[in-house]
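Student: This is protein15.txt (compact mmCIF, C-alpha atoms and all ligand atoms).
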```
# COMPACT_ATOMS: atom_id res chain seq x y z
CA MET A 1 -3.94 -75.22 98.79
CA LEU A 2 -2.65 -74.12 95.36
CA ARG A 3 -0.48 -77.22 95.25
CA THR A 4 -3.43 -79.52 96.02
CA THR A 5 -5.53 -77.82 93.35
CA MET A 6 -2.77 -78.11 90.73
CA LEU A 7 -2.20 -81.78 91.56
CA ALA A 8 -5.95 -82.46 91.30
CA ALA A 9 -5.96 -80.63 87.95
CA ALA A 10 -3.03 -82.78 86.79
CA ARG A 11 -5.20 -85.87 87.33
CA SER A 12 -8.45 -84.50 85.89
CA SER A 13 -9.20 -85.37 82.27
CA ALA A 14 -11.85 -82.60 82.12
CA VAL A 15 -9.29 -79.96 83.12
CA ARG A 16 -6.84 -81.55 80.74
CA ARG A 17 -9.25 -81.14 77.80
CA LEU A 18 -9.87 -77.51 78.83
CA VAL A 19 -6.16 -76.71 79.10
CA GLU A 20 -5.30 -78.48 75.85
CA ALA A 21 -8.05 -76.62 73.95
CA ASN A 22 -6.78 -73.21 75.09
CA PRO A 23 -4.78 -71.51 72.29
CA LEU A 24 -2.36 -70.02 74.84
CA THR A 25 -1.52 -73.56 75.99
CA ARG A 26 -0.08 -74.46 72.56
CA THR A 27 2.15 -71.37 72.67
CA VAL A 28 3.42 -72.27 76.12
CA VAL A 29 3.91 -75.96 75.34
CA ASP A 30 5.63 -75.36 71.98
CA ARG A 31 7.99 -72.98 73.69
CA PHE A 32 9.11 -75.46 76.35
CA VAL A 33 8.54 -78.93 74.85
CA ALA A 34 10.20 -80.08 71.59
CA GLY A 35 7.16 -82.04 70.37
CA ALA A 36 5.27 -85.26 70.88
CA ASP A 37 7.57 -87.82 69.27
CA THR A 38 11.14 -88.87 68.48
CA SER A 39 11.26 -87.18 65.10
CA ALA A 40 10.26 -83.83 66.66
CA ALA A 41 12.98 -84.29 69.30
CA ILE A 42 15.57 -85.08 66.62
CA GLY A 43 14.44 -82.05 64.59
CA VAL A 44 14.90 -79.68 67.52
CA THR A 45 18.24 -81.28 68.42
CA GLY A 46 19.46 -80.78 64.85
CA ARG A 47 18.42 -77.11 64.85
CA LEU A 48 20.11 -76.44 68.21
CA ALA A 49 23.26 -78.29 67.10
CA GLU A 50 23.44 -76.14 63.95
CA LYS A 51 23.56 -73.11 66.23
CA GLY A 52 26.53 -74.56 68.12
CA LEU A 53 24.50 -75.75 71.14
CA HIS A 54 24.60 -79.15 72.86
CA VAL A 55 21.49 -80.99 74.02
CA THR A 56 20.23 -83.36 76.69
CA LEU A 57 16.88 -85.00 75.84
CA ASP A 58 14.24 -85.93 78.41
CA HIS A 59 11.46 -88.32 77.35
CA LEU A 60 8.38 -87.13 79.24
CA GLY A 61 6.46 -89.90 80.94
CA GLU A 62 3.69 -90.20 83.46
CA ASP A 63 4.56 -91.51 86.95
CA THR A 64 5.42 -95.14 86.29
CA THR A 65 3.00 -97.43 88.09
CA ASP A 66 3.83 -100.79 86.51
CA SER A 67 6.80 -102.52 84.95
CA ARG A 68 5.23 -102.47 81.46
CA GLN A 69 5.22 -98.64 81.56
CA ALA A 70 8.85 -98.64 82.73
CA ASP A 71 9.70 -100.93 79.83
CA GLU A 72 8.00 -98.60 77.34
CA THR A 73 10.12 -95.73 78.66
CA VAL A 74 13.29 -97.78 78.10
CA LEU A 75 12.16 -98.58 74.54
CA ALA A 76 11.45 -94.90 73.87
CA TYR A 77 14.97 -93.94 74.98
CA GLN A 78 16.51 -96.78 72.96
CA GLY A 79 14.61 -95.65 69.83
CA LEU A 80 15.69 -92.06 70.44
CA LEU A 81 19.36 -93.03 70.87
CA ALA A 82 19.33 -95.09 67.66
CA GLU A 83 17.85 -92.10 65.79
CA LEU A 84 20.43 -89.73 67.27
CA ARG A 85 23.17 -91.99 65.95
CA ARG A 86 21.53 -92.29 62.50
CA ALA A 87 21.18 -88.50 62.31
CA GLY A 88 24.85 -88.01 63.23
CA LEU A 89 23.87 -86.07 66.36
CA ALA A 90 25.13 -88.36 69.13
CA HIS A 91 28.25 -86.24 69.66
CA ARG A 92 25.97 -83.25 70.39
CA ALA A 93 23.26 -84.89 72.47
CA GLU A 94 22.99 -87.08 75.55
CA VAL A 95 19.83 -88.16 77.41
CA SER A 96 18.46 -87.27 80.85
CA VAL A 97 16.58 -90.04 82.66
CA LYS A 98 14.35 -89.93 85.74
CA LEU A 99 14.68 -93.17 87.69
CA SER A 100 10.99 -92.88 88.67
CA ALA A 101 10.13 -93.22 84.97
CA VAL A 102 11.98 -96.54 84.75
CA GLY A 103 10.51 -98.12 87.86
CA GLN A 104 12.20 -96.70 90.98
CA GLN A 105 8.86 -96.41 92.83
CA LEU A 106 7.61 -99.92 92.03
CA SER A 107 7.41 -102.19 95.03
CA PRO A 108 8.92 -104.31 96.33
CA ASP A 109 12.14 -104.08 94.30
CA GLY A 110 11.87 -100.75 92.47
CA GLU A 111 15.50 -99.86 93.05
CA LYS A 112 16.68 -103.00 91.25
CA ILE A 113 14.14 -102.61 88.42
CA ALA A 114 15.24 -99.01 87.88
CA LEU A 115 18.92 -99.98 87.96
CA ASP A 116 18.40 -102.74 85.36
CA ASN A 117 16.35 -100.44 83.14
CA ALA A 118 18.80 -97.55 83.46
CA ARG A 119 21.57 -99.98 82.56
CA ARG A 120 19.74 -100.90 79.32
CA ILE A 121 19.54 -97.20 78.43
CA CYS A 122 23.24 -96.72 79.25
CA GLU A 123 24.13 -99.65 76.97
CA SER A 124 22.16 -98.11 74.09
CA ALA A 125 23.73 -94.71 74.78
CA ALA A 126 27.22 -96.24 74.68
CA GLU A 127 26.41 -98.00 71.39
CA ALA A 128 25.21 -94.70 69.96
CA GLY A 129 28.37 -92.94 71.13
CA THR A 130 26.87 -90.81 73.88
CA THR A 131 25.85 -91.02 77.54
CA VAL A 132 23.16 -90.55 80.19
CA THR A 133 22.57 -88.16 83.10
CA LEU A 134 20.31 -89.26 85.96
CA ASP A 135 17.93 -86.43 86.85
CA MET A 136 17.45 -85.88 90.59
CA GLU A 137 13.92 -85.97 92.03
CA ASP A 138 12.66 -85.23 95.55
CA HIS A 139 14.89 -85.73 98.61
CA THR A 140 13.37 -89.11 99.52
CA THR A 141 15.10 -90.51 96.42
CA THR A 142 18.54 -88.87 96.74
CA ASP A 143 20.32 -91.80 98.42
CA THR A 144 18.80 -94.41 96.12
CA THR A 145 19.63 -92.35 93.04
CA LEU A 146 23.26 -91.84 94.13
CA ARG A 147 23.54 -95.58 94.84
CA THR A 148 22.22 -96.39 91.38
CA LEU A 149 24.62 -93.84 89.89
CA SER A 150 27.58 -95.47 91.56
CA ASP A 151 26.48 -98.96 90.36
CA LEU A 152 26.07 -97.70 86.78
CA ARG A 153 29.42 -95.94 86.81
CA VAL A 154 31.24 -99.23 87.31
CA ASP A 155 30.51 -100.07 83.65
CA PHE A 156 29.61 -96.60 82.35
CA PRO A 157 31.89 -94.07 84.07
CA GLN A 158 30.46 -91.21 81.98
CA VAL A 159 26.98 -91.38 83.57
CA GLY A 160 26.18 -87.94 84.98
CA ALA A 161 24.78 -87.09 88.41
CA VAL A 162 22.52 -84.18 89.41
CA LEU A 163 22.85 -82.44 92.77
CA GLN A 164 20.44 -79.83 94.14
CA ALA A 165 21.96 -76.86 95.98
CA TYR A 166 18.84 -76.33 98.13
CA LEU A 167 19.55 -79.53 100.10
CA HIS A 168 21.70 -79.15 103.23
CA ARG A 169 23.67 -82.27 102.30
CA THR A 170 24.68 -81.18 98.82
CA GLU A 171 27.95 -79.33 99.51
CA GLN A 172 29.30 -82.57 100.99
CA ASP A 173 27.90 -84.62 98.08
CA CYS A 174 29.69 -82.24 95.68
CA ARG A 175 33.02 -82.85 97.42
CA GLU A 176 32.48 -86.60 97.27
CA LEU A 177 31.49 -86.61 93.60
CA ALA A 178 34.12 -84.13 92.35
CA ARG A 179 36.43 -86.94 91.29
CA GLU A 180 38.31 -87.47 88.04
CA GLY A 181 35.91 -88.01 85.12
CA SER A 182 32.78 -87.49 87.26
CA ARG A 183 30.11 -85.47 85.45
CA VAL A 184 27.97 -83.54 87.94
CA ARG A 185 25.08 -81.24 87.06
CA LEU A 186 24.47 -78.65 89.77
CA CYS A 187 20.99 -77.09 89.91
CA LYS A 188 19.16 -75.16 92.64
CA GLY A 189 16.38 -77.78 92.93
CA ALA A 190 12.79 -77.82 91.71
CA TYR A 191 10.76 -79.67 94.37
CA SER A 192 8.94 -78.42 97.42
CA GLU A 193 11.15 -79.66 100.27
CA PRO A 194 10.81 -79.36 104.07
CA ALA A 195 13.09 -77.14 106.21
CA SER A 196 14.50 -80.27 107.86
CA VAL A 197 16.41 -81.11 104.66
CA ALA A 198 16.47 -77.97 102.51
CA PHE A 199 17.23 -74.26 102.69
CA GLN A 200 13.96 -72.34 102.43
CA ASP A 201 15.34 -68.87 101.83
CA LYS A 202 16.32 -68.03 98.23
CA HIS A 203 19.51 -66.25 99.37
CA GLU A 204 20.53 -69.30 101.41
CA VAL A 205 20.01 -71.47 98.33
CA ASP A 206 22.13 -69.08 96.24
CA ARG A 207 24.91 -69.11 98.86
CA SER A 208 24.82 -72.89 98.91
CA TYR A 209 24.94 -72.94 95.09
CA VAL A 210 28.15 -70.89 95.18
CA ARG A 211 29.76 -73.16 97.81
CA CYS A 212 28.84 -76.20 95.73
CA LEU A 213 30.15 -74.57 92.56
CA ARG A 214 33.44 -73.87 94.29
CA ALA A 215 33.75 -77.52 95.41
CA LEU A 216 33.02 -78.76 91.88
CA MET A 217 35.27 -76.28 90.06
CA GLU A 218 38.17 -76.93 92.44
CA GLY A 219 37.67 -80.70 92.19
CA GLN A 220 38.73 -83.13 89.47
CA GLY A 221 35.34 -83.79 87.86
CA TYR A 222 33.36 -82.22 85.01
CA PRO A 223 30.92 -79.61 86.42
CA MET A 224 27.65 -78.96 84.54
CA VAL A 225 26.31 -75.61 85.72
CA ALA A 226 22.51 -75.76 85.30
CA THR A 227 21.01 -72.34 85.98
CA HIS A 228 19.41 -69.36 84.21
CA ASP A 229 20.57 -67.04 86.96
CA PRO A 230 23.02 -64.50 85.45
CA ARG A 231 24.75 -64.08 88.82
CA MET A 232 25.44 -67.80 89.17
CA VAL A 233 26.65 -67.95 85.55
CA ARG A 234 29.11 -65.11 86.22
CA ILE A 235 30.35 -66.64 89.48
CA ALA A 236 30.77 -70.05 87.80
CA SER A 237 32.91 -68.46 85.07
CA GLU A 238 35.04 -66.69 87.67
CA LEU A 239 35.51 -69.86 89.74
CA ALA A 240 36.40 -71.84 86.60
CA GLY A 241 38.98 -69.17 85.74
CA SER A 242 40.55 -69.12 89.19
CA ALA A 243 40.67 -72.94 89.24
CA GLY A 244 42.59 -72.76 85.93
CA ARG A 245 39.96 -74.72 84.02
CA ALA A 246 39.90 -74.84 80.23
CA LYS A 247 36.54 -74.07 78.57
CA ASP A 248 36.05 -77.72 77.62
CA SER A 249 36.43 -78.93 81.21
CA TYR A 250 32.96 -77.76 82.31
CA GLU A 251 29.68 -76.66 80.73
CA PHE A 252 26.56 -74.55 81.28
CA GLN A 253 23.04 -75.95 80.95
CA MET A 254 19.65 -74.25 80.54
CA LEU A 255 16.10 -75.43 79.82
CA TYR A 256 14.65 -75.39 76.30
CA GLY A 257 12.72 -72.16 75.77
CA ILE A 258 14.20 -70.31 78.74
CA ARG A 259 16.53 -67.42 77.89
CA PRO A 260 17.20 -68.76 74.35
CA ALA A 261 18.98 -65.57 73.26
CA GLU A 262 21.33 -65.86 76.22
CA GLN A 263 21.96 -69.54 75.39
CA GLN A 264 22.97 -68.54 71.87
CA ARG A 265 25.12 -65.63 73.08
CA MET A 266 27.03 -67.84 75.51
CA ALA A 267 27.68 -70.47 72.82
CA GLU A 268 28.95 -67.76 70.46
CA ASP A 269 31.20 -66.55 73.27
CA GLY A 270 32.89 -69.95 73.31
CA GLU A 271 31.08 -71.52 76.27
CA ARG A 272 29.81 -75.09 76.00
CA LEU A 273 26.06 -74.64 76.46
CA ARG A 274 23.74 -77.64 76.72
CA VAL A 275 19.98 -77.25 76.36
CA TYR A 276 17.68 -79.58 78.33
CA VAL A 277 14.96 -80.55 75.86
CA PRO A 278 11.83 -82.39 77.07
CA TYR A 279 9.68 -84.13 74.46
CA GLY A 280 6.83 -86.64 74.41
CA GLN A 281 3.07 -86.82 74.66
CA GLU A 282 2.87 -86.48 78.40
CA TRP A 283 3.58 -82.77 78.55
CA TYR A 284 0.32 -82.08 80.41
CA GLY A 285 1.19 -84.04 83.54
CA TYR A 286 4.78 -82.74 83.33
CA PHE A 287 3.67 -79.14 83.29
CA MET A 288 1.02 -79.40 85.96
CA ARG A 289 3.31 -81.31 88.32
CA ARG A 290 6.17 -78.87 87.79
CA LEU A 291 3.78 -76.04 88.61
CA ALA A 292 2.36 -77.87 91.63
CA GLU A 293 5.76 -78.81 93.02
CA ARG A 294 6.72 -75.21 93.31
CA PRO A 295 4.19 -72.40 92.76
CA ALA A 296 7.15 -70.12 91.90
CA ASN A 297 7.44 -72.21 88.72
CA ILE A 298 4.28 -70.52 87.41
CA GLY A 299 6.15 -67.21 87.45
CA PHE A 300 9.24 -68.96 86.09
CA PHE A 301 7.43 -70.12 82.94
CA LEU A 302 5.33 -66.98 82.49
CA ARG A 303 8.40 -64.76 82.88
CA SER A 304 10.24 -66.59 80.15
CA LEU A 305 7.35 -65.97 77.73
CA LEU A 306 8.00 -62.26 78.23
CA THR A 307 11.80 -62.25 78.21
CA ARG A 308 14.52 -63.36 75.82
C1 LIG B 1 19.53 -78.17 82.53
C2 LIG B 1 18.71 -78.21 83.78
C3 LIG B 1 18.45 -79.43 84.38
C4 LIG B 1 17.73 -79.48 85.58
N1 LIG B 1 17.57 -80.68 86.20
C5 LIG B 1 16.98 -80.71 87.41
C6 LIG B 1 16.90 -81.91 88.17
O1 LIG B 1 17.35 -82.99 87.75
N2 LIG B 1 16.29 -81.86 89.38
C7 LIG B 1 15.78 -80.70 89.90
O2 LIG B 1 15.28 -80.71 91.04
N3 LIG B 1 15.81 -79.55 89.18
C8 LIG B 1 16.40 -79.52 87.96
N4 LIG B 1 16.45 -78.34 87.29
C9 LIG B 1 15.64 -77.17 87.73
C10 LIG B 1 16.41 -76.30 88.71
O3 LIG B 1 16.57 -76.99 89.92
C11 LIG B 1 15.67 -74.97 89.00
O4 LIG B 1 14.40 -75.23 89.51
C12 LIG B 1 15.50 -74.06 87.81
O5 LIG B 1 16.60 -74.12 86.93
C13 LIG B 1 15.35 -72.60 88.30
O6 LIG B 1 16.50 -72.15 88.98
P1 LIG B 1 17.57 -71.13 88.34
O7 LIG B 1 18.91 -71.49 88.89
O8 LIG B 1 17.48 -71.21 86.86
O9 LIG B 1 17.21 -69.69 88.80
P2 LIG B 1 16.04 -68.98 89.69
O10 LIG B 1 16.49 -68.94 91.12
O11 LIG B 1 14.72 -69.58 89.36
O12 LIG B 1 16.15 -67.55 89.06
C14 LIG B 1 17.26 -66.69 89.31
C15 LIG B 1 17.37 -65.63 88.24
O13 LIG B 1 17.59 -66.25 86.95
C16 LIG B 1 16.94 -65.50 85.92
N5 LIG B 1 15.85 -66.32 85.38
C17 LIG B 1 15.36 -67.44 85.93
N6 LIG B 1 14.37 -67.93 85.18
C18 LIG B 1 14.20 -67.12 84.16
C19 LIG B 1 13.31 -67.09 83.06
N7 LIG B 1 12.38 -68.03 82.92
N8 LIG B 1 13.43 -66.09 82.17
C20 LIG B 1 14.36 -65.14 82.33
N9 LIG B 1 15.22 -65.10 83.37
C21 LIG B 1 15.14 -66.06 84.27
C22 LIG B 1 16.36 -64.28 86.60
O14 LIG B 1 17.33 -63.26 86.57
C23 LIG B 1 16.15 -64.78 88.03
O15 LIG B 1 16.10 -63.75 88.98
C24 LIG B 1 17.21 -78.27 86.13
C25 LIG B 1 17.47 -77.04 85.51
C26 LIG B 1 18.22 -76.99 84.36
C27 LIG B 1 18.52 -75.67 83.75
```
Show me, as structure tokens, the structure contained in the file I just sent.
Ligand SMILES: Cc1cc2nc3c(=O)[nH]c(=O)nc-3n(C[C@H](O)[C@H](O)[C@H](O)COP(=O)(O)OP(=O)(O)OC[C@H]3O[C@@H](n4cnc5c(N)ncnc54)[C@H](O)[C@@H]3O)c2cc1C
Tutor:
Amino acid sequence: MLRTTMLAAARSSAVRRLVEANPLTRTVVDRFVAGADTSAAIGVTGRLAEKGLHVTLDHLGEDTTDSRQADETVLAYQGLLAELRRAGLAHRAEVSVKLSAVGQQLSPDGEKIALDNARRICESAAEAGTTVTLDMEDHTTTDTTLRTLSDLRVDFPQVGAVLQAYLHRTEQDCRELAREGSRVRLCKGAYSEPASVAFQDKHEVDRSYVRCLRALMEGQGYPMVATHDPRMVRIASELAGSAGRAKDSYEFQMLYGIRPAEQQRMAEDGERLRVYVPYGQEWYGYFMRRLAERPANIGFFLRSLLTR
């Protein structure tokens, strides 16, 4: 019910005007989104880099419904990557790309369109001296996304994967992807998934996260530990220690605006900490869909307004 209402609100321009006019909205959006355009994204990246943090930038887009929109997304990433290079920030920042934003859902050959478009972004990233991570979306896209990842890695071995600990399959995926040079971001998962494919109980998800962490830390790849959960952060550090990993052989990742003081503290402690920074004009749809996907996200964002 709540989900349906939020999704309807995401599509309603009247609700959009109402939400955008609310002064609290600006506070929330400024806290979690770097700004509307490339220069705002570069500005935030520069400020985070000065504090010793690393960044991954996500260009916010609406659900891509035609190939022109997918093309615009590619151009936005290419412009961003060129600016990162010009600003001397490419060693500090990579980009995160959703395959749905570059055409994965277009029929009949969305998978090929998305692969070609993602390849163009990877080429620009390589020219700029950085790389790309493919965000993971709902479970219906997991196989396609992993296929695209493996195609891209033939020419761009640095392309990062994302795996979601709430899926039953993920521990096995972690073992398969924990190969030499393989960058893998592990998150809990943000979508509303059925019991047939995903753990429903929070403790089950946490237990799965730890099993997946163990597989990644004991493997040969480069684990990217994406969580704000202090328990998972501690366990990841312990597992890295017992696997004999150096600090530069894995990293932590958190979202822009969420536990910023902790992000800074970890970086000062010598951890590599990467901040996921969304930017772009389409923050409204992004927010409403994130909230609709998982009502717990409402608490997630509100809580971070109250905590440091
Ligand atoms: C860098 C990054 C990239 C991501 N990429 C993807 C992706 O590609 N696909 C995908 O499905 N999901 C992605 N996610 C989202 C992820 O799946 C989770 O939905 C989200 O991170 C919440 O899970 P959590 O592990 O942070 O902790 P939760 O289980 O939400 O919270 C556990 C504990 O963490 C602490 N905490 C959590 N949130 C806050 C807060 N706001 N303020 C203060 N303390 C807090 C609290 O102690 C809380 O009890 C990504 C997350 C990050 C950080």
Student: Distance limit 6 Å, reference ligand LIG 1 (chain B), atoms considered: all atoms listed in the file. Which residues make the cut? Give them as a list in words.
Tutor: Asp135, Met136, Glu137, Val162, Cys187, Lys188, Gly189, Ala190, Tyr191, Ala226, Thr227, His228, Asp229, Pro230, Gln253, Met254, Leu255, Ile258, Arg259, Tyr276, Phe300, Phe301, Arg303, Ser304 and Thr307 of chain A
Student: Could you check how far atom CA of Trp283 of chain A sits from atom CA of Asp206 of chain A, in Å to one decimal?
Tutor: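 Atom CA of Asp206 of chain A lies 29.1 Å from atom CA of Trp283 of chain A.
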Student: Please report the interatomic distance between atom CA of Asp63 of chain A and atom CA of Val102 of chain A in Å with one decimal.
Tutor: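 Atom CA of Asp63 of chain A sits 9.2 Å away from atom CA of Val102 of chain A.
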Student: Enter the distance from atom CA of Gln220 of chain A to atom CA of Ala198 of chain A, in Å, rounded to one decimal.
Tutor: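 Distance between the two atoms: 26.3 Å.
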Student: My list of candidates is A:Leu81, A:Leu216, A:Leu60, A:Ile235. Which is closest to Arg179 of chain A when distances are computed with all atoms listed in the file?
Tutor: A:Leu216
Student: Between A:Cys212, A:Val132, A:Val55, A:Ala14, which is the closest to Arg169 of chain A once you count all atoms listed in the file?
Tutor: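 Residue with the minimum atom-to-atom distance to Arg169 of chain A: A:Cys212.
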Student: Taking every listed atom of segment 90-100 of chain A and adding 4 Å to each side, what centre and edge lengths in Å (one decimal) does the axis-aligned box have, as JSON?
Tutor:
```
{"center_x": 19.6, "center_y": -88.2, "center_z": 78.9, "size_x": 25.3, "size_y": 17.9, "size_z": 27.5}
```
Student: Do you know which residues are at most 12 Å from Thr144 of chain A counting all atoms listed in the file, after dropping those on the same chain fewer than 3 positions away, and could you put them as a list in words?
Tutor: Leu99, Ser100, Gln104, Gln105, Asp109, Gly110, Glu111, Lys112, Ala114, Leu115, Leu134, Met136, Glu137, Asp138, His139, Thr140, Thr141, Arg147, Thr148, Leu149, Ser150 and Asp151 of chain A
Student: Quick one: write out the picked residues with C-alpha atoms as a compact mmCIF listing (two decimals), keeping the file's coordinate frame?
Tutor:
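The resulting result-v5.txt:
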```
# COMPACT_ATOMS: atom_id res chain seq x y z
CA LEU A 99 14.68 -93.17 87.69
CA SER A 100 10.99 -92.88 88.67
CA GLN A 104 12.20 -96.70 90.98
CA GLN A 105 8.86 -96.41 92.83
CA ASP A 109 12.14 -104.08 94.30
CA GLY A 110 11.87 -100.75 92.47
CA GLU A 111 15.50 -99.86 93.05
CA LYS A 112 16.68 -103.00 91.25
CA ALA A 114 15.24 -99.01 87.88
CA LEU A 115 18.92 -99.98 87.96
CA LEU A 134 20.31 -89.26 85.96
CA MET A 136 17.45 -85.88 90.59
CA GLU A 137 13.92 -85.97 92.03
CA ASP A 138 12.66 -85.23 95.55
CA HIS A 139 14.89 -85.73 98.61
CA THR A 140 13.37 -89.11 99.52
CA THR A 141 15.10 -90.51 96.42
CA ARG A 147 23.54 -95.58 94.84
CA THR A 148 22.22 -96.39 91.38
CA LEU A 149 24.62 -93.84 89.89
CA SER A 150 27.58 -95.47 91.56
CA ASP A 151 26.48 -98.96 90.36
```
Student: Skip Tyr77 of chain A itself and residues of its chain fewer than 2 positions away, then list as a list of chain:residue names all residues within 8 Å of it, counting only C-alpha atoms.
Tutor: A:His59, A:Thr73, A:Val74, A:Leu75, A:Gly79, A:Leu80, A:Leu81, A:Val95, A:Ile121
Student: Using the selection just defined, write its residues with C-alpha atoms as a PDB file, keeping the file's coordinate frame.
Tutor:
```pdb
ATOM      1  CA  HIS A  59      11.460 -88.320  77.350  1.00  0.00           C
ATOM      2  CA  THR A  73      10.120 -95.730  78.660  1.00  0.00           C
ATOM      3  CA  VAL A  74      13.290 -97.780  78.100  1.00  0.00           C
ATOM      4  CA  LEU A  75      12.160 -98.580  74.540  1.00  0.00           C
ATOM      5  CA  GLY A  79      14.610 -95.650  69.830  1.00  0.00           C
ATOM      6  CA  LEU A  80      15.690 -92.060  70.440  1.00  0.00           C
ATOM      7  CA  LEU A  81      19.360 -93.030  70.870  1.00  0.00           C
ATOM      8  CA  VAL A  95      19.830 -88.160  77.410  1.00  0.00           C
ATOM      9  CA  ILE A 121      19.540 -97.200  78.430  1.00  0.00           C
TER      10      ILE A 121
END
```
Student: Using only C-alpha atoms, find the one residue out of A:Val197, A:Ala125, A:Leu106, A:Leu53 that sits nearest to Pro260 of chain A.
Tutor: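 Smallest separation from Pro260 of chain A among the options: A:Leu53.
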Student: Out of A:Asp58, A:Asp71, A:Glu171, A:Asp201, which residue has the shortest atom-to-atom distance to Thr133 of chain A when counting all atoms listed in the file?
Tutor: A:Asp58
Student: Of the candidates A:Gln69, A:Leu167, A:Val210, A:Ser182, which shows the shortest atom-to-atom distance to Ala195 of chain A, using all atoms listed in the file?
Tutor: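 Using all atoms listed in the file, Ala195 of chain A sits closest to A:Leu167.
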Student: Give me the residues near Lys51 of chain A as a list in words, where near means some atom within 9 Å (using all atoms listed in the file) and where sequence neighbours in that chain fewer than 3 positions away do not count.
Tutor: Gly46, Arg47, Leu48, Gln264, Ala267 and Glu268 of chain A
